[in-house]
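Asker: So that you have it, the file is upload-v7.pdb, and it contains PDB, C-alpha atoms:
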ATOM      1  CA  MET A   1      19.713 -42.993 -35.538
ATOM      2  CA  ALA A   2      21.330 -39.891 -34.000
ATOM      3  CA  ARG A   3      24.431 -40.569 -31.980
ATOM      4  CA  THR A   4      24.467 -39.612 -28.322
ATOM      5  CA  PHE A   5      27.210 -37.785 -26.470
ATOM      6  CA  ALA A   6      28.148 -41.142 -24.947
ATOM      7  CA  ASP A   7      28.432 -42.760 -28.386
ATOM      8  CA  ARG A   8      30.881 -40.095 -29.498
ATOM      9  CA  ILE A   9      33.041 -40.206 -26.363
ATOM     10  CA  ILE A  10      33.228 -43.997 -26.343
ATOM     11  CA  ALA A  11      34.200 -44.128 -30.018
ATOM     12  CA  PHE A  12      36.841 -41.451 -29.417
ATOM     13  CA  ASN A  13      38.352 -43.284 -26.442
ATOM     14  CA  ARG A  14      38.332 -46.641 -28.207
ATOM     15  CA  SER A  15      40.203 -45.158 -31.173
ATOM     16  CA  LEU A  16      42.788 -43.233 -29.144
ATOM     17  CA  ASP A  17      46.320 -43.903 -30.236
ATOM     18  CA  TYR A  18      49.454 -41.825 -30.081
ATOM     19  CA  PRO A  19      51.533 -42.986 -33.040
ATOM     20  CA  ASP A  20      54.358 -40.460 -32.829
ATOM     21  CA  GLY A  21      57.501 -40.591 -30.737
ATOM     22  CA  LEU A  22      58.152 -38.789 -27.470
ATOM     23  CA  PRO A  23      61.442 -37.369 -26.225
ATOM     24  CA  ALA A  24      63.760 -39.828 -24.500
ATOM     25  CA  GLY A  25      62.569 -40.859 -21.054
ATOM     26  CA  PHE A  26      58.854 -40.308 -21.681
ATOM     27  CA  ARG A  27      56.230 -42.807 -22.748
ATOM     28  CA  VAL A  28      52.468 -42.900 -23.263
ATOM     29  CA  VAL A  29      50.183 -45.158 -21.222
ATOM     30  CA  ASN A  30      46.958 -46.010 -23.056
ATOM     31  CA  PRO A  31      44.580 -47.742 -20.629
ATOM     32  CA  PHE A  32      42.049 -48.346 -23.404
ATOM     33  CA  ARG A  33      44.568 -50.617 -25.124
ATOM     34  CA  GLU A  34      46.226 -52.076 -22.031
ATOM     35  CA  ASN A  35      43.320 -52.925 -19.697
ATOM     36  CA  PRO A  36      40.049 -54.409 -21.022
ATOM     37  CA  GLU A  37      38.280 -53.565 -17.752
ATOM     38  CA  THR A  38      39.066 -49.873 -18.296
ATOM     39  CA  VAL A  39      37.080 -49.949 -21.522
ATOM     40  CA  GLN A  40      34.168 -51.680 -19.805
ATOM     41  CA  ALA A  41      34.143 -49.227 -16.892
ATOM     42  CA  MET A  42      34.490 -46.233 -19.203
ATOM     43  CA  GLU A  43      31.548 -47.352 -21.316
ATOM     44  CA  ARG A  44      29.364 -47.936 -18.243
ATOM     45  CA  PHE A  45      30.203 -44.461 -16.943
ATOM     46  CA  TYR A  46      29.396 -42.607 -20.151
ATOM     47  CA  ARG A  47      26.246 -44.630 -20.784
ATOM     48  CA  LYS A  48      25.122 -43.710 -17.271
ATOM     49  CA  TYR A  49      25.782 -39.960 -17.426
ATOM     50  CA  TYR A  50      26.058 -38.973 -21.107
ATOM     51  CA  ASP A  51      23.528 -41.074 -23.021
ATOM     52  CA  ASP A  52      21.772 -38.062 -24.539
ATOM     53  CA  ALA A  53      22.399 -35.331 -27.091
ATOM     54  CA  GLN A  54      22.520 -32.391 -24.668
ATOM     55  CA  PRO A  55      25.316 -29.842 -25.214
ATOM     56  CA  ARG A  56      27.833 -29.538 -22.396
ATOM     57  CA  ARG A  57      30.543 -27.132 -21.365
ATOM     58  CA  PHE A  58      34.183 -28.154 -21.408
ATOM     59  CA  ILE A  59      36.509 -28.392 -18.389
ATOM     60  CA  VAL A  60      40.059 -28.887 -19.662
ATOM     61  CA  GLY A  61      42.639 -30.702 -17.570
ATOM     62  CA  ILE A  62      46.282 -31.412 -18.381
ATOM     63  CA  ASN A  63      46.602 -35.129 -19.141
ATOM     64  CA  PRO A  64      45.468 -38.164 -17.146
ATOM     65  CA  GLY A  65      47.369 -39.379 -14.119
ATOM     66  CA  ARG A  66      48.369 -43.027 -13.746
ATOM     67  CA  HIS A  67      46.010 -43.495 -10.791
ATOM     68  CA  GLY A  68      43.006 -41.608 -12.144
ATOM     69  CA  ALA A  69      41.945 -41.819 -15.767
ATOM     70  CA  GLY A  70      45.041 -43.905 -16.379
ATOM     71  CA  VAL A  71      43.116 -46.682 -14.628
ATOM     72  CA  THR A  72      39.412 -45.821 -14.875
ATOM     73  CA  GLY A  73      39.374 -44.076 -18.255
ATOM     74  CA  ILE A  74      37.427 -41.207 -16.639
ATOM     75  CA  PRO A  75      39.239 -37.892 -16.065
ATOM     76  CA  PHE A  76      39.826 -36.981 -12.403
ATOM     77  CA  THR A  77      38.181 -40.220 -11.293
ATOM     78  CA  ASP A  78      40.064 -42.878  -9.339
ATOM     79  CA  THR A  79      38.611 -46.308  -8.577
ATOM     80  CA  LYS A  80      37.470 -45.155  -5.115
ATOM     81  CA  ARG A  81      35.244 -42.399  -6.513
ATOM     82  CA  MET A  82      34.264 -44.584  -9.470
ATOM     83  CA  GLU A  83      32.736 -47.052  -7.025
ATOM     84  CA  SER A  84      31.523 -44.876  -4.143
ATOM     85  CA  VAL A  85      30.002 -42.084  -6.251
ATOM     86  CA  CYS A  86      29.375 -43.569  -9.686
ATOM     87  CA  GLY A  87      28.492 -47.113  -8.586
ATOM     88  CA  ILE A  88      31.016 -48.763 -10.925
ATOM     89  CA  ARG A  89      33.476 -51.155  -9.303
ATOM     90  CA  MET A  90      36.751 -52.183 -10.921
ATOM     91  CA  GLU A  91      38.457 -55.411  -9.925
ATOM     92  CA  SER A  92      41.718 -55.313 -11.869
ATOM     93  CA  GLU A  93      43.189 -52.382  -9.953
ATOM     94  CA  ARG A  94      42.440 -50.154  -6.974
ATOM     95  CA  SER A  95      43.609 -46.550  -7.081
ATOM     96  CA  HIS A  96      43.560 -43.262  -5.186
ATOM     97  CA  GLU A  97      44.294 -39.924  -6.855
ATOM     98  CA  VAL A  98      44.559 -36.637  -4.985
ATOM     99  CA  SER A  99      42.913 -34.596  -7.746
ATOM    100  CA  SER A 100      39.907 -36.914  -7.739
ATOM    101  CA  VAL A 101      39.236 -36.093  -4.079
ATOM    102  CA  PHE A 102      38.825 -32.386  -4.803
ATOM    103  CA  ILE A 103      36.830 -32.846  -8.002
ATOM    104  CA  TYR A 104      34.278 -35.127  -6.365
ATOM    105  CA  ASP A 105      33.948 -32.912  -3.304
ATOM    106  CA  MET A 106      33.266 -30.062  -5.718
ATOM    107  CA  ILE A 107      30.804 -32.212  -7.680
ATOM    108  CA  ALA A 108      28.948 -32.994  -4.436
ATOM    109  CA  ALA A 109      28.718 -29.273  -3.657
ATOM    110  CA  TYR A 110      27.503 -28.596  -7.188
ATOM    111  CA  GLY A 111      24.569 -30.959  -6.746
ATOM    112  CA  GLY A 112      25.927 -34.446  -7.366
ATOM    113  CA  ALA A 113      27.302 -36.437 -10.258
ATOM    114  CA  GLU A 114      24.099 -36.661 -12.289
ATOM    115  CA  VAL A 115      23.549 -32.902 -12.231
ATOM    116  CA  PHE A 116      27.200 -32.074 -12.807
ATOM    117  CA  TYR A 117      27.829 -34.467 -15.685
ATOM    118  CA  ARG A 118      24.589 -33.415 -17.341
ATOM    119  CA  ASN A 119      26.162 -29.977 -17.731
ATOM    120  CA  PHE A 120      29.903 -30.571 -18.038
ATOM    121  CA  TYR A 121      32.406 -32.729 -19.868
ATOM    122  CA  ILE A 122      35.942 -33.061 -18.511
ATOM    123  CA  ASN A 123      38.923 -34.169 -20.536
ATOM    124  CA  SER A 124      42.365 -33.059 -21.648
ATOM    125  CA  PRO A 125      44.183 -31.932 -24.782
ATOM    126  CA  PHE A 126      46.341 -35.040 -24.391
ATOM    127  CA  PRO A 127      43.772 -37.630 -23.231
ATOM    128  CA  LEU A 128      46.284 -40.399 -22.474
ATOM    129  CA  ALA A 129      48.654 -40.710 -19.522
ATOM    130  CA  ILE A 130      52.278 -39.692 -19.918
ATOM    131  CA  VAL A 131      54.942 -41.114 -17.629
ATOM    132  CA  ARG A 132      58.587 -40.295 -17.154
ATOM    133  CA  GLU A 133      60.815 -43.309 -16.659
ATOM    134  CA  THR A 134      63.606 -42.774 -14.141
ATOM    135  CA  ALA A 135      67.052 -44.306 -14.172
ATOM    136  CA  ASP A 136      66.061 -46.770 -11.443
ATOM    137  CA  GLY A 137      63.062 -48.000 -13.406
ATOM    138  CA  LYS A 138      60.299 -46.052 -11.667
ATOM    139  CA  ARG A 139      57.408 -44.466 -13.539
ATOM    140  CA  LEU A 140      56.376 -40.963 -12.537
ATOM    141  CA  ASN A 141      53.423 -38.931 -13.754
ATOM    142  CA  ALA A 142      54.422 -36.353 -16.348
ATOM    143  CA  ASN A 143      52.612 -33.347 -17.806
ATOM    144  CA  TYR A 144      52.590 -32.673 -21.534
ATOM    145  CA  TYR A 145      54.291 -29.304 -20.927
ATOM    146  CA  ASP A 146      57.087 -30.565 -18.650
ATOM    147  CA  THR A 147      59.688 -29.895 -21.334
ATOM    148  CA  SER A 148      59.561 -27.796 -24.462
ATOM    149  CA  ASP A 149      60.502 -30.851 -26.526
ATOM    150  CA  LEU A 150      57.586 -32.822 -25.088
ATOM    151  CA  PHE A 151      55.139 -30.023 -25.833
ATOM    152  CA  ARG A 152      56.393 -29.638 -29.393
ATOM    153  CA  ALA A 153      56.172 -33.391 -29.958
ATOM    154  CA  THR A 154      52.534 -33.547 -28.819
ATOM    155  CA  GLU A 155      51.107 -30.188 -29.910
ATOM    156  CA  ASN A 156      49.636 -31.197 -33.276
ATOM    157  CA  PHE A 157      48.125 -34.319 -31.747
ATOM    158  CA  MET A 158      46.571 -32.214 -28.981
ATOM    159  CA  ILE A 159      45.046 -29.704 -31.385
ATOM    160  CA  ALA A 160      43.501 -32.550 -33.378
ATOM    161  CA  SER A 161      42.268 -34.155 -30.153
ATOM    162  CA  LEU A 162      40.651 -30.932 -28.940
ATOM    163  CA  ARG A 163      39.036 -30.371 -32.327
ATOM    164  CA  GLU A 164      37.526 -33.866 -32.270
ATOM    165  CA  GLN A 165      36.232 -33.424 -28.724
ATOM    166  CA  VAL A 166      34.611 -30.109 -29.603
ATOM    167  CA  GLY A 167      32.696 -32.062 -32.248
ATOM    168  CA  PHE A 168      30.936 -34.114 -29.557
ATOM    169  CA  GLY A 169      28.571 -31.191 -29.039
ATOM    170  CA  LEU A 170      30.434 -28.865 -26.681
ATOM    171  CA  ASP A 171      29.568 -25.249 -25.973
ATOM    172  CA  THR A 172      32.880 -23.555 -26.791
ATOM    173  CA  SER A 173      31.935 -19.962 -25.967
ATOM    174  CA  GLU A 174      33.690 -20.367 -22.617
ATOM    175  CA  VAL A 175      35.965 -23.176 -21.470
ATOM    176  CA  PHE A 176      37.307 -23.794 -17.979
ATOM    177  CA  VAL A 177      41.015 -24.579 -17.880
ATOM    178  CA  LEU A 178      42.609 -26.179 -14.826
ATOM    179  CA  GLY A 179      46.045 -24.832 -13.982
ATOM    180  CA  ARG A 180      47.857 -21.665 -15.087
ATOM    181  CA  LYS A 181      50.616 -23.353 -17.112
ATOM    182  CA  ASN A 182      48.013 -25.564 -18.778
ATOM    183  CA  ALA A 183      46.022 -22.424 -19.600
ATOM    184  CA  ASP A 184      49.070 -20.786 -21.206
ATOM    185  CA  CYS A 185      49.484 -23.819 -23.471
ATOM    186  CA  ILE A 186      45.765 -24.067 -24.266
ATOM    187  CA  ASP A 187      45.789 -20.366 -25.146
ATOM    188  CA  ARG A 188      48.720 -20.915 -27.526
ATOM    189  CA  MET A 189      46.941 -23.843 -29.215
ATOM    190  CA  ASN A 190      43.681 -21.922 -29.337
ATOM    191  CA  ARG A 191      45.360 -19.016 -31.116
ATOM    192  CA  LYS A 192      46.464 -21.483 -33.778
ATOM    193  CA  ALA A 193      43.232 -23.453 -34.080
ATOM    194  CA  GLY A 194      40.490 -20.994 -33.047
ATOM    195  CA  LEU A 195      38.546 -23.579 -31.052
ATOM    196  CA  PHE A 196      37.336 -21.642 -28.010
ATOM    197  CA  GLY A 197      35.999 -18.272 -26.975
ATOM    198  CA  ARG A 198      36.830 -17.164 -23.446
ATOM    199  CA  LEU A 199      39.252 -19.184 -21.301
ATOM    200  CA  THR A 200      38.427 -19.121 -17.594
ATOM    201  CA  VAL A 201      41.348 -20.367 -15.516
ATOM    202  CA  LEU A 202      40.875 -22.259 -12.241
ATOM    203  CA  GLU A 203      43.504 -23.595  -9.875
ATOM    204  CA  HIS A 204      44.354 -27.219 -10.518
ATOM    205  CA  PRO A 205      42.754 -29.699  -8.068
ATOM    206  CA  ARG A 206      46.102 -31.290  -7.193
ATOM    207  CA  TYR A 207      47.562 -27.899  -6.279
ATOM    208  CA  ILE A 208      44.570 -27.162  -4.054
ATOM    209  CA  GLU A 209      44.681 -30.522  -2.262
ATOM    210  CA  GLN A 210      48.452 -30.459  -1.757
ATOM    211  CA  TYR A 211      49.118 -26.822  -0.948
ATOM    212  CA  LYS A 212      45.814 -25.090  -0.131
ATOM    213  CA  SER A 213      43.879 -27.766   1.741
ATOM    214  CA  LYS A 214      42.975 -25.382   4.594
ATOM    215  CA  GLU A 215      41.214 -23.120   2.075
ATOM    216  CA  LYS A 216      39.606 -25.997   0.173
ATOM    217  CA  ARG A 217      36.063 -24.822   0.872
ATOM    218  CA  GLU A 218      36.907 -21.425  -0.604
ATOM    219  CA  TYR A 219      38.258 -23.042  -3.761
ATOM    220  CA  ILE A 220      35.170 -25.237  -4.102
ATOM    221  CA  ASP A 221      33.031 -22.105  -3.827
ATOM    222  CA  LYS A 222      35.223 -20.436  -6.461
ATOM    223  CA  TYR A 223      34.663 -23.358  -8.824
ATOM    224  CA  ILE A 224      30.899 -23.281  -8.249
ATOM    225  CA  ARG A 225      30.749 -19.540  -8.917
ATOM    226  CA  ALA A 226      32.816 -19.870 -12.080
ATOM    227  CA  LEU A 227      30.809 -22.824 -13.386
ATOM    228  CA  GLY A 228      27.545 -21.027 -12.694
ATOM    229  CA  GLY A 229      25.892 -23.418 -10.269
ATOM    230  CA  PRO A 230      23.171 -25.839 -11.367
ATOM    231  CA  GLU A 231      20.380 -23.385 -10.741
ATOM    232  CA  GLN A 232      21.873 -21.014 -13.333
ATOM    233  CA  ILE A 233      22.381 -23.570 -16.118
TER     234      ILE A 233
END
As a first step, turn the structure in this file into structure tokens.
Answerer:
Amino acid sequence: MARTFADRIIAFNRSLDYPDGLPAGFRVVNPFRENPETVQAMERFYRKYYDDAQPRRFIVGINPGRHGAGVTGIPFTDTKRMESVCGIRMESERSHEVSSVFIYDMIAAYGGAEVFYRNFYINSPFPLAIVRETADGKRLNANYYDTSDLFRATENFMIASLREQVGFGLDTSEVFVLGRKNADCIDRMNRKAGLFGRLTVLEHPRYIEQYKSKEKREYIDKYIRALGGPEQI
């Protein structure tokens, strides 16, 4: 029997493991190994929206935040949006992530979750959360490119991860990359691996929510224009 898009994503997430070391002060958080409810919620989500063999286009984030995919297993999706939009409630943890607010407002403008996820797949080159541990014991979200040592330590893993995700059935003629610094790194990896055609860069949702909230509607419209709009797919 042919495997669906959901089958491939679920198998990928269940097998995710980062076996290599990170520079001092950084660590990986793998919700698929640390929280059984994350696996359950993730599987319900992908069975709901991706249980088919339809090709999709790729939206590339940075790496999951602790309060988004670091809890739900779904990129740019906190537990609030997981429940209110996707109808999947999590009991083990409740979370709010700024980026998730923008993404789901954009998804609503696009035509809703069913239409959007039928056409797009969102994930990251490093699909696990990275945290920086401070001297006083706090954990802060970190990006894979925060230091040159961190990028070098994770680059080969990220190229392999992107290559495997492309194999799900993604249209790679154009990919949508969130954030300029992320795009610079994706471009570097793409020049090595030859995975994608055109890279279209969009402002990162967190940047928009934190610094451009008054122009949020304009940024949503920019996303919709770049992604094509459901009537053009």
Asker: Within 12 Å of segment 217-224 of chain A, which residues of segment 93-201 of chain A show up? Give each one with its shortest atom-to-atom distance in Å (one decimal) and the two atoms involved, counting only C-alpha atoms, rows by chain then rising residue number, as JSON lines.
Answerer:
{"residue": "A:Val101", "atom": "CA", "partner": "A:Ile220", "partner_atom": "CA", "distance": 11.6}
{"residue": "A:Phe102", "atom": "CA", "partner": "A:Ile220", "partner_atom": "CA", "distance": 8.1}
{"residue": "A:Ile103", "atom": "CA", "partner": "A:Ile220", "partner_atom": "CA", "distance": 8.7}
{"residue": "A:Tyr104", "atom": "CA", "partner": "A:Ile220", "partner_atom": "CA", "distance": 10.2}
{"residue": "A:Asp105", "atom": "CA", "partner": "A:Ile220", "partner_atom": "CA", "distance": 7.8}
{"residue": "A:Met106", "atom": "CA", "partner": "A:Ile220", "partner_atom": "CA", "distance": 5.4}
{"residue": "A:Ile107", "atom": "CA", "partner": "A:Ile224", "partner_atom": "CA", "distance": 8.9}
{"residue": "A:Ala108", "atom": "CA", "partner": "A:Ile220", "partner_atom": "CA", "distance": 9.9}
{"residue": "A:Ala109", "atom": "CA", "partner": "A:Ile220", "partner_atom": "CA", "distance": 7.6}
{"residue": "A:Tyr110", "atom": "CA", "partner": "A:Ile224", "partner_atom": "CA", "distance": 6.4}
{"residue": "A:Gly111", "atom": "CA", "partner": "A:Ile224", "partner_atom": "CA", "distance": 10.1}
{"residue": "A:Phe116", "atom": "CA", "partner": "A:Ile224", "partner_atom": "CA", "distance": 10.6}
{"residue": "A:Phe176", "atom": "CA", "partner": "A:Tyr223", "partner_atom": "CA", "distance": 9.5}
{"residue": "A:Val177", "atom": "CA", "partner": "A:Tyr223", "partner_atom": "CA", "distance": 11.1}
{"residue": "A:Leu178", "atom": "CA", "partner": "A:Tyr223", "partner_atom": "CA", "distance": 10.3}
{"residue": "A:Thr200", "atom": "CA", "partner": "A:Tyr223", "partner_atom": "CA", "distance": 10.4}
{"residue": "A:Val201", "atom": "CA", "partner": "A:Tyr223", "partner_atom": "CA", "distance": 9.9}
Asker: Please give the centre and size of the box around segment 145-154 of chain A (axis-aligned, containing every atom listed in the file, 4 Å added per side), with values in Å to one decimal and written as lines of an AutoDock Vina configuration file.
Answerer:
center_x = 56.5
center_y = -30.7
center_z = -24.3
size_x = 16.0
size_y = 13.8
size_z = 19.3
Asker: Which residues would end up in the selection if the PyMOL selection byres ((chain A and resi 115) around 12) were applied here, given that I need the answer as a list in words?
Answerer: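 When the PyMOL selection byres ((chain A and resi 115) around 12) is applied to the shown file, the picked residues are Tyr49, Tyr50, Arg56, Ile107, Ala108, Ala109, Tyr110, Gly111, Gly112, Ala113, Glu114, Phe116, Tyr117, Arg118, Asn119, Phe120, Tyr121, Gly229, Pro230, Glu231 and Ile233 of chain A.
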Asker: Extract, using only C-alpha atoms, all DNA, RNA and protein residues at most 12 Å from Gly61 of chain A, discarding same-chain residues fewer than 3 positions from it, and format them as a PyMOL selection string.
Answerer: chain A and resi 58+64-65+69+74-76+99-100+103+121-129+143-144+162+175-183+185-186+201-206
Asker: I'd like to know which of A:Val166, A:Thr134, A:Phe12, A:Pro19 is closest to Thr154 of chain A, using all atoms listed in the file.
Answerer: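 Checking each candidate against Thr154 of chain A, we get A:Pro19 as the closest.
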Asker: What does the distance from atom CA of Asp20 of chain A to atom CA of Glu155 of chain A come to in Å, to one decimal?
Answerer: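 Interatomic distance here is 11.2 Å.
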Asker: Restricting the calculation to all atoms listed in the file, which member of A:Leu22, A:Val39, A:Val98, A:Ala160 is positioned closest to Tyr211 of chain A?
Answerer: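 Nearest to Tyr211 of chain A: A:Val98.
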Asker: Which residues are close to Ile10 of chain A, i.e. within 9 Å by all atoms listed in the file, leaving aside same-chain residues fewer than 4 positions away? Reply as a list in words.
Answerer: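 Counting only the stated atoms, we get Phe5, Ala6, Arg14, Ser15, Val39, Met42, Glu43, Tyr46 and Arg47 of chain A.
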Asker: For segment 96-109 of chain A in the structure I just supplied, write out N, CA and C atoms - as a PDB file, in the first residue's frame.
Answerer:
ATOM      1  N   HIS A  96       1.658  29.143  24.811  1.00  0.00           N
ATOM      2  CA  HIS A  96       1.357  30.267  23.919  1.00  0.00           C
ATOM      3  C   HIS A  96       2.655  30.671  23.251  1.00  0.00           C
ATOM      4  N   GLU A  97       2.660  30.751  21.928  1.00  0.00           N
ATOM      5  CA  GLU A  97       3.842  31.186  21.190  1.00  0.00           C
ATOM      6  C   GLU A  97       3.468  32.312  20.249  1.00  0.00           C
ATOM      7  N   VAL A  98       4.247  33.380  20.290  1.00  0.00           N
ATOM      8  CA  VAL A  98       3.965  34.575  19.495  1.00  0.00           C
ATOM      9  C   VAL A  98       3.880  34.254  18.005  1.00  0.00           C
ATOM     10  N   SER A  99       4.823  33.472  17.499  1.00  0.00           N
ATOM     11  CA  SER A  99       4.839  33.159  16.071  1.00  0.00           C
ATOM     12  C   SER A  99       3.572  32.431  15.628  1.00  0.00           C
ATOM     13  N   SER A 100       3.034  31.605  16.524  1.00  0.00           N
ATOM     14  CA  SER A 100       1.827  30.851  16.199  1.00  0.00           C
ATOM     15  C   SER A 100       0.632  31.774  15.957  1.00  0.00           C
ATOM     16  N   VAL A 101       0.596  32.889  16.668  1.00  0.00           N
ATOM     17  CA  VAL A 101      -0.504  33.850  16.502  1.00  0.00           C
ATOM     18  C   VAL A 101      -0.529  34.359  15.067  1.00  0.00           C
ATOM     19  N   PHE A 102       0.627  34.803  14.571  1.00  0.00           N
ATOM     20  CA  PHE A 102       0.673  35.322  13.203  1.00  0.00           C
ATOM     21  C   PHE A 102       0.354  34.235  12.186  1.00  0.00           C
ATOM     22  N   ILE A 103       0.980  33.075  12.325  1.00  0.00           N
ATOM     23  CA  ILE A 103       0.788  32.016  11.336  1.00  0.00           C
ATOM     24  C   ILE A 103      -0.691  31.639  11.224  1.00  0.00           C
ATOM     25  N   TYR A 104      -1.379  31.516  12.349  1.00  0.00           N
ATOM     26  CA  TYR A 104      -2.776  31.098  12.260  1.00  0.00           C
ATOM     27  C   TYR A 104      -3.713  32.219  11.842  1.00  0.00           C
ATOM     28  N   ASP A 105      -3.340  33.462  12.070  1.00  0.00           N
ATOM     29  CA  ASP A 105      -4.097  34.565  11.477  1.00  0.00           C
ATOM     30  C   ASP A 105      -3.907  34.567   9.961  1.00  0.00           C
ATOM     31  N   MET A 106      -2.690  34.281   9.517  1.00  0.00           N
ATOM     32  CA  MET A 106      -2.434  34.189   8.085  1.00  0.00           C
ATOM     33  C   MET A 106      -3.173  33.003   7.472  1.00  0.00           C
ATOM     34  N   ILE A 107      -3.160  31.864   8.171  1.00  0.00           N
ATOM     35  CA  ILE A 107      -3.871  30.680   7.685  1.00  0.00           C
ATOM     36  C   ILE A 107      -5.361  30.961   7.542  1.00  0.00           C
ATOM     37  N   ALA A 108      -5.935  31.693   8.502  1.00  0.00           N
ATOM     38  CA  ALA A 108      -7.357  32.057   8.416  1.00  0.00           C
ATOM     39  C   ALA A 108      -7.608  32.911   7.183  1.00  0.00           C
ATOM     40  N   ALA A 109      -6.722  33.866   6.911  1.00  0.00           N
ATOM     41  CA  ALA A 109      -6.878  34.720   5.735  1.00  0.00           C
ATOM     42  C   ALA A 109      -6.709  33.931   4.447  1.00  0.00           C
TER      43      ALA A 109
END
